[in-house]
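Undergrad: Let me give you the structure first, and then I'll get to my questions.
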Amino acid sequence: MATQHPHRRFTSFVTAAVAAALAAAPLVALGPSDSAAAAARPVAVAQPAAAPPAAVGAPDAAAVDPSVITFTAEPGGTSVALTWCCGGNPMKNFTIRRDDGTGTPTPTTGALVYDGPLFKTTDSGLAPFTRYRYTIWAGDGAGGFLGPESIITATTVPPVARLAANMAGATSATITWNAPTDPIVASVVVTRTGPDNVSREVYRGAGTTATDTGLVPGLVYTYTAHAEDTSGHKSQTRSAQATTHRTWTATTASPFVGWPGAMACATSTWCVSVHNTGAFQVMSGATWSKPVQAFSPAQDPSSIYEGVIGSLTCPAAGRCLALRNGNVIELSGGTWRPTGSPLTGWSSLDCPTTTYCIAIRPDGLFTTRTGTTWRAAARIGPLRGVTWNDVACQAAARCFAVATGNATYSNWRGTLTSAGWSTAYFADYQAGNPSTISCSASSCLALGDRIRVTVTGTTWSFQSLPTSTGVDDYAQQLSCGSPTLCMSKNQGNVTRWNSTTLLERTRLSAGIGELRAVSCPRATGICFATDDRGRFYRWTPSTRWALLGTSVETTGGVGRVGCRTTTACSFFDHNGWLVSWNGSSWARSGKLFTQPASVECSGTTFCIAVAGASRSYRVWSGGAWGAAKAMPLEAVDLACASPYLCLAIDQQGRLSRFNGVGWWAPIATITDQWGRGPQLSCAPGGPCMLLSSNSTYRQYSGTALTPVRRLPTTIPDDEALLLSCGAPTSCLAVLDSGVVGRWNGSAWTFQPAHPDAFRLGSLSCVTATHCLASHGYSNDDWPIAWNSNGSWTDDGTYPPEWHSKAECLDLTTCFIGGTTMVSRSS
């Protein structure tokens, strides 16, 4: 035990590094006290660094307090580094002596190690693996000593310093350290321990850095390092941790161009088309102008639910008005500009002439413009508790609006004349609900869900349209050019009406695109329509609907990516254009489909692309895509185990196999309660798994389907699921709630919901023990990795977009398609 002065307290520290050495090292007999040999031994004195005071030199008497003093020893192979410090009363000098640990130390016995005012020294030239006692005395300023304080330590292999572990990629880490300079050190040994608690030596040598490879993304790895001598004596161990994750690089691979979202025609020879990319075009005569950018684009221009403007109306050639972000804007002189409409939040607009417009809001406010002056907003009569859906005018100050009761879904009408608004109830919700209205000069037609409403002059009438009659028309947009010519756009169809009767139903853009707008300019006897692919149609009494041409070449959007190698990937955009990756950039080439297509590759020489909506496919083989061929079903999912075993499934759960030559006739498998077909995934080489949200599953090995089996748990009715198989005996299923199911080759087991697996958008298992998922949101900006220890961890970041299923060539390199970008990991 250290001897303490009765009036002063000292504290000594012996590092944990020497605990084992102290037990084994012998005490050695030292030479006589103050012997010439001891006095002649060179003593290295270092300046204080970590221990206060920070200033080098004699201690500051004002900062010295001998009631607190520390004395530490850090042994090396043949040396011991000593540090001490104190605070408080003036201490001008410190004396340190070394002995064999027997007897009581005194300031004049034992080998003198240091005598002076500083706070650090190193005692060198010692015997290896030997115990020593060091004793320090502090001078009291009057020729006496305070203390003493003793430390027993032993020379040993010194430890490494500044060990650090840093991610060097998705599957590797770089470990760095400062190696001991003591000559006793022969090597440094670095060991890695993963989540499985299995340790592996990753480095042995005399260097100061190592790279560890073969890691799995999304896991925490612990690295330990120690020094050894030639006899295998080990130093104290240092440790550091590194968490691997992928680094993503995003490239704009397929920006949107075109994608018309609204159109209106003032005459038979003048129309304007506004694209969801924010550009607009004008048709004058029979020629469309080049697109001119006017607005910021929609987040996803190809979506039928997004547009940059609404309620587009053109009372004359060169003059159009529309709603944008709840405000009224106007096209005049080839330029769009604000009109200064009062308030904001306007949801429906109509302008029967260039000098009169009306706009309404769902809450019942309206405003009108006469000339260029807007009146202050006012209410549509005294009616409350309804939502106003749409408004249209036969002429200036003769307008009509339809509304739905907020609590009862009942139907209400509003009529504006020079005397003001009048409102009234006209039908119960069971009769249907009108959502859109359009007027010619003397009549109006309103359509919606199972209802037809007619206004002749200012007289309202309606008729319920039961589904069984085949004339129900869930109208999304309506345009009337005369009392006998109205066109309605609904669910891909165009229906022609007179004021009371459905006359014609036509499917435009079937299997190619989505119809976006219809327009019948007044008193012309013709109508126009456009789809989101830029195809422009015209209706006349003699030709009916006919395709006139394409107003804009529509491209953009990213489909499901398939890769043969890390430098050979491809996808098809939302209009069927092929976009390919060559290792450094994405490039668009030919238009091979009329619709989006999914790409699935197996090996380096085979890919297949399937366009479900058009029931067509192409095969990549021999360096090029083959001719388009017909498929026997409308596929909603595709998976390949090999070039000779690909499966496609439709919404009814019918399955077809591609055998390398063609697709077999579909067979029934299992249905899905969501009506979109069961989930499908093939392990490399097979088999393939089908999993339905109705809690059933089947496998296909290439020759036959297994019987229908039930899962050990019931999937709730409101939950969708994802499926991916990384190996023949390993599949992962994830429910919306975050519940995770694992297939081990013979049975499914399910684990409680994991919060990080909630509402995933896609799932792709790279191996039996590692999967990569994306979130199902448009602001998704980080993928998430699953590992076989059950952990879900963030796996880097990429730009926020909708993200599709990942295509991974290995644990390091994956491609994930977004809205217009493709992110590649490394």
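Within each chain, counting starts at residue 1; across the structure tokens, chains are named A, B, ... in the order shown, with ligands numbered 1 upward in that order.
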Could you please write out, as a PyMOL selection string, every residue of segment 104-214 of chain A that DSSP assigns to strand (DSSP E)?
TA: chain A and resi 111-116+120-123+131-139+145-154+161-169+172-178+187-193+199-205+209-212
Undergrad: Using only C-alpha atoms, can you tell me which of A:Pro183, A:Pro541, A:Gly557, A:Gly364 comes closest to Glu504 of chain A?
TA: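 Closest to Glu504 of chain A, using only C-alpha atoms: A:Pro541.
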Undergrad: For a quick check of understanding, using only C-alpha atoms, which of A:Thr458, A:Ser302, A:Gln477, A:Asn325 has the smallest distance to Thr819 of chain A?
TA: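 Ranking A:Thr458, A:Ser302, A:Gln477, A:Asn325 by distance to Thr819 of chain A, first place goes to A:Ser302.
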Undergrad: Residues near Leu503 of chain A, anyone? I mean within 10 Å using only C-alpha atoms, not counting same-chain ones fewer than 6 positions away, as a list in words.
TA: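 With the cut-off at 10 Å, the set is Val471, Thr484, Leu485, Cys486, Thr495, Arg496 and Trp497 of chain A.
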Undergrad: Can you write out as a Markdown table which residues of segment 167-266 of chain A fall within 12 Å of segment 560-574 of chain A, alongside each residue's closest atom pair and its distance in Å to one decimal, counting only C-alpha atoms and ordering rows by chain and ascending residue number?
TA:
```
| residue | atom | partner | partner_atom | distance |
| --- | --- | --- | --- | --- |
| A:Ala253 | CA | A:Asp573 | CA | 9.7 |
| A:Ser254 | CA | A:Asp573 | CA | 7.2 |
| A:Pro255 | CA | A:Asp573 | CA | 9.5 |
| A:Phe256 | CA | A:His574 | CA | 9.2 |
| A:Val257 | CA | A:His574 | CA | 11.0 |
| A:Gly258 | CA | A:His574 | CA | 11.6 |
| A:Trp259 | CA | A:His574 | CA | 10.1 |
```
Undergrad: Write the residues of the selection above to a file with all heavy atoms, as a tab-separated table (two decimals), in the first residue's frame.
TA:
```tsv
chain	number	residue	atom	x	y	z
A	253	ALA	N	-31.89	9.96	-65.04
A	253	ALA	CA	-31.81	9.02	-66.15
A	253	ALA	C	-32.90	9.22	-67.18
A	253	ALA	O	-32.71	8.91	-68.36
A	253	ALA	CB	-31.87	7.59	-65.61
A	254	SER	N	-34.06	9.75	-66.75
A	254	SER	CA	-35.19	9.81	-67.66
A	254	SER	C	-36.13	10.95	-67.29
A	254	SER	O	-37.21	10.73	-66.74
A	254	SER	CB	-35.94	8.47	-67.63
A	254	SER	OG	-36.97	8.42	-68.58
A	255	PRO	N	-35.73	12.20	-67.59
A	255	PRO	CA	-36.60	13.34	-67.26
A	255	PRO	C	-37.87	13.33	-68.11
A	255	PRO	O	-37.88	12.82	-69.23
A	255	PRO	CB	-35.72	14.55	-67.59
A	255	PRO	CG	-34.74	14.05	-68.60
A	255	PRO	CD	-34.48	12.61	-68.24
A	256	PHE	N	-38.91	13.91	-67.56
A	256	PHE	CA	-40.18	13.94	-68.27
A	256	PHE	C	-40.19	15.04	-69.34
A	256	PHE	O	-39.76	16.17	-69.09
A	256	PHE	CB	-41.34	14.19	-67.29
A	256	PHE	CG	-41.67	13.01	-66.44
A	256	PHE	CD1	-41.28	12.96	-65.11
A	256	PHE	CD2	-42.37	11.94	-66.96
A	256	PHE	CE1	-41.58	11.88	-64.32
A	256	PHE	CE2	-42.68	10.83	-66.17
A	256	PHE	CZ	-42.29	10.81	-64.85
A	257	VAL	N	-40.71	14.69	-70.50
A	257	VAL	CA	-40.96	15.65	-71.58
A	257	VAL	C	-42.36	15.37	-72.11
A	257	VAL	O	-42.71	14.20	-72.37
A	257	VAL	CB	-39.92	15.50	-72.72
A	257	VAL	CG1	-40.27	16.44	-73.88
A	257	VAL	CG2	-38.52	15.78	-72.22
A	258	GLY	N	-43.18	16.41	-72.26
A	258	GLY	CA	-44.53	16.22	-72.75
A	258	GLY	C	-45.51	15.95	-71.63
A	258	GLY	O	-45.61	16.70	-70.67
A	259	TRP	N	-46.28	14.87	-71.77
A	259	TRP	CA	-47.31	14.47	-70.82
A	259	TRP	C	-48.41	15.53	-70.68
A	259	TRP	O	-48.56	16.17	-69.65
A	259	TRP	CB	-46.71	14.14	-69.46
A	259	TRP	CG	-45.72	13.02	-69.55
A	259	TRP	CD1	-44.37	13.14	-69.66
A	259	TRP	CD2	-46.00	11.62	-69.61
A	259	TRP	NE1	-43.78	11.90	-69.77
A	259	TRP	CE2	-44.76	10.95	-69.74
A	259	TRP	CE3	-47.18	10.87	-69.56
A	259	TRP	CZ2	-44.68	9.55	-69.83
A	259	TRP	CZ3	-47.08	9.49	-69.65
A	259	TRP	CH2	-45.84	8.85	-69.78
```
Undergrad: As number ranges by chain, list the residues of segment 307-486 of chain A assigned to helix (DSSP H, G or I) by DSSP on the backbone atoms of this structure.
TA: A: 429-431, 467-469
Undergrad: List the neighbours of Ser443 of chain A out to 12 Å using only C-alpha atoms; skip same-chain residues closer than 6 positions along the sequence, and give me the result as an MDAnalysis selection string.
TA: chainID A and resid 392:395 398:400 437 453:461 479:486 498:500 522
Undergrad: Skip Leu82 of chain A itself and residues of its chain fewer than 5 positions away, then list as a list in words all residues within 7 Å of it, counting only C-alpha atoms.
TA: Thr72, Ala73, Glu74, Lys120, Thr121 and Thr122 of chain A
Undergrad: Could you write out that same residue set with N, CA, C and O atoms as a compact mmCIF listing (two decimals), in the first residue's frame?
TA:
```txt
# COMPACT_ATOMS: atom_id res chain seq x y z
N THR A 72 0.51 8.40 -12.38
CA THR A 72 0.15 7.30 -13.26
C THR A 72 1.38 6.74 -13.94
O THR A 72 2.37 7.45 -14.16
N ALA A 73 1.28 5.46 -14.27
CA ALA A 73 2.37 4.77 -14.96
C ALA A 73 1.79 4.04 -16.17
O ALA A 73 0.77 3.34 -16.06
N GLU A 74 2.42 4.21 -17.32
CA GLU A 74 2.04 3.53 -18.56
C GLU A 74 3.24 2.72 -19.00
O GLU A 74 4.20 3.24 -19.57
N LYS A 120 6.15 15.04 -16.18
CA LYS A 120 6.14 13.88 -17.04
C LYS A 120 7.58 13.43 -17.27
O LYS A 120 8.48 14.25 -17.45
N THR A 121 7.79 12.11 -17.27
CA THR A 121 9.10 11.57 -17.61
C THR A 121 8.93 10.13 -18.05
O THR A 121 7.87 9.52 -17.83
N THR A 122 9.94 9.59 -18.67
CA THR A 122 9.95 8.19 -19.09
C THR A 122 11.21 7.52 -18.55
O THR A 122 12.33 8.01 -18.75
```
Undergrad: Skip Asp650 of chain A itself and residues of its chain fewer than 5 positions away, then list as a list of chain:residue names all residues within 7 Å of it, counting only C-alpha atoms.
TA: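 Result of the neighbour search: A:Leu633, A:Glu634, A:Ala635, A:Val636, A:Leu655, A:Gly677.
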Undergrad: Generate the output file for the selected residues, C-alpha atoms, as a short mmCIF file (atom, residue, chain, number, x, y, z; two decimals), in the first residue's frame.
TA:
```cif
data_model
loop_
_atom_site.label_atom_id
_atom_site.label_comp_id
_atom_site.auth_asym_id
_atom_site.auth_seq_id
_atom_site.Cartn_x
_atom_site.Cartn_y
_atom_site.Cartn_z
CA LEU A 633 -52.11 -12.62 -69.98
CA GLU A 634 -51.95 -9.04 -68.67
CA ALA A 635 -49.03 -9.46 -66.29
CA VAL A 636 -48.81 -7.42 -63.11
CA LEU A 655 -49.78 -17.85 -63.84
CA GLY A 677 -52.71 -10.91 -57.86
#
```
Undergrad: What does the distance from atom CA of Pro752 of chain A to atom CA of Ala683 of chain A come to in Å, to one decimal?
TA: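 Rounded to one decimal, the two atoms are 24.9 Å apart.
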Undergrad: Between A:Cys351, A:Ala668, A:Val274, A:Leu383, which residue has the minimum interatomic distance to Gly371 of chain A, considering only C-alpha atoms?
TA: A:Cys351
Undergrad: Compile the contact shell of Ala173 of chain A as a ChimeraX atom specification: residues with an atom at most 9 Å away, counting only C-alpha atoms, same-chain residues fewer than 6 positions apart removed.
TA: /A:165-167,210-213,215,242-244
Undergrad: Please write the residues from the selection above to a file, keeping all heavy atoms, as a short mmCIF file (atom, residue, chain, number, x, y, z; two decimals), in the first residue's frame.
TA:
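Dumped to selection.cif:
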```cif
data_model
loop_
_atom_site.label_atom_id
_atom_site.label_comp_id
_atom_site.auth_asym_id
_atom_site.auth_seq_id
_atom_site.Cartn_x
_atom_site.Cartn_y
_atom_site.Cartn_z
N ALA A 165 -12.16 2.78 -36.78
CA ALA A 165 -12.75 1.96 -37.84
C ALA A 165 -13.76 2.81 -38.59
O ALA A 165 -14.64 3.42 -37.98
CB ALA A 165 -13.41 0.72 -37.27
N ASN A 166 -13.62 2.87 -39.91
CA ASN A 166 -14.50 3.69 -40.73
C ASN A 166 -14.98 2.89 -41.93
O ASN A 166 -14.22 2.09 -42.51
CB ASN A 166 -13.78 4.95 -41.22
CG ASN A 166 -13.41 5.87 -40.07
OD1 ASN A 166 -14.27 6.52 -39.48
ND2 ASN A 166 -12.12 5.91 -39.74
N MET A 167 -16.25 3.11 -42.30
CA MET A 167 -16.81 2.46 -43.46
C MET A 167 -16.02 2.86 -44.70
O MET A 167 -15.73 4.03 -44.91
CB MET A 167 -18.27 2.86 -43.63
CG MET A 167 -18.98 2.14 -44.75
SD MET A 167 -20.58 2.88 -45.12
CE MET A 167 -20.05 4.40 -45.93
N ALA A 210 -5.46 -1.26 -42.14
CA ALA A 210 -5.94 -2.51 -42.73
C ALA A 210 -7.32 -2.26 -43.33
O ALA A 210 -8.07 -1.39 -42.87
CB ALA A 210 -6.01 -3.62 -41.69
N THR A 211 -7.66 -3.00 -44.38
CA THR A 211 -8.98 -2.94 -44.99
C THR A 211 -9.65 -4.29 -44.84
O THR A 211 -9.08 -5.32 -45.24
CB THR A 211 -8.90 -2.55 -46.47
OG1 THR A 211 -8.32 -1.25 -46.59
CG2 THR A 211 -10.28 -2.53 -47.10
N ASP A 212 -10.84 -4.29 -44.29
CA ASP A 212 -11.60 -5.52 -44.08
C ASP A 212 -12.72 -5.58 -45.10
O ASP A 212 -13.51 -4.63 -45.23
CB ASP A 212 -12.16 -5.54 -42.65
CG ASP A 212 -12.84 -6.85 -42.32
OD1 ASP A 212 -12.50 -7.86 -42.97
OD2 ASP A 212 -13.68 -6.87 -41.41
N THR A 213 -12.80 -6.66 -45.84
CA THR A 213 -13.81 -6.80 -46.89
C THR A 213 -14.75 -7.95 -46.57
O THR A 213 -14.59 -8.66 -45.58
CB THR A 213 -13.13 -7.04 -48.25
OG1 THR A 213 -12.34 -8.24 -48.16
CG2 THR A 213 -12.23 -5.88 -48.63
N LEU A 215 -17.97 -7.70 -45.86
CA LEU A 215 -18.96 -7.35 -44.85
C LEU A 215 -20.36 -7.31 -45.46
O LEU A 215 -20.52 -7.36 -46.68
CB LEU A 215 -18.60 -6.02 -44.19
CG LEU A 215 -17.17 -5.89 -43.66
CD1 LEU A 215 -16.97 -4.53 -43.03
CD2 LEU A 215 -16.85 -7.00 -42.67
N ALA A 242 -17.58 0.06 -36.48
CA ALA A 242 -17.95 0.65 -37.77
C ALA A 242 -19.28 0.05 -38.20
O ALA A 242 -19.52 -1.15 -38.03
CB ALA A 242 -16.89 0.37 -38.82
N THR A 243 -20.16 0.89 -38.73
CA THR A 243 -21.44 0.44 -39.27
C THR A 243 -21.40 0.58 -40.78
O THR A 243 -21.19 1.69 -41.29
CB THR A 243 -22.61 1.26 -38.70
OG1 THR A 243 -22.62 1.13 -37.28
CG2 THR A 243 -23.93 0.76 -39.26
N THR A 244 -21.58 -0.50 -41.49
CA THR A 244 -21.53 -0.45 -42.95
C THR A 244 -22.87 -0.02 -43.51
O THR A 244 -23.93 -0.34 -42.98
CB THR A 244 -21.17 -1.83 -43.52
OG1 THR A 244 -22.08 -2.79 -42.97
CG2 THR A 244 -19.76 -2.22 -43.16
#
```
Undergrad: From the set A:Val599, A:Ala286, A:Ala317, A:Ala639, which residue has the shortest atom-to-atom contact distance to Cys725 of chain A, counting only C-alpha atoms?
TA: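 Residue with the minimum atom-to-atom distance to Cys725 of chain A: A:Ala639.
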Undergrad: From the set A:Gly232, A:Gly125, A:Pro217, A:Gly741, which residue has the shortest atom-to-atom contact distance to Ser79 of chain A, counting only C-alpha atoms?
TA: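 Of A:Gly232, A:Gly125, A:Pro217, A:Gly741, the one nearest Ser79 of chain A is A:Gly125, counting only C-alpha atoms.
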Undergrad: Taking only C-alpha atoms into account, which of A:Leu365, A:Ala262, A:Met689, A:Cys808 comes nearest Leu323 of chain A?
TA: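 Once distances to Leu323 of chain A are computed over only C-alpha atoms, the minimum belongs to A:Ala262.
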Undergrad: Please measure the separation of atom CA of Ser235 of chain A and atom CA of Pro159 of chain A, giving the value in Å to one decimal.
TA: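 Rounded to one decimal, the two atoms are 5.0 Å apart.
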Undergrad: So how many Å separate atom CA of Asp736 of chain A and atom CA of Leu691 of chain A, to one decimal?
TA: 14.4 Å
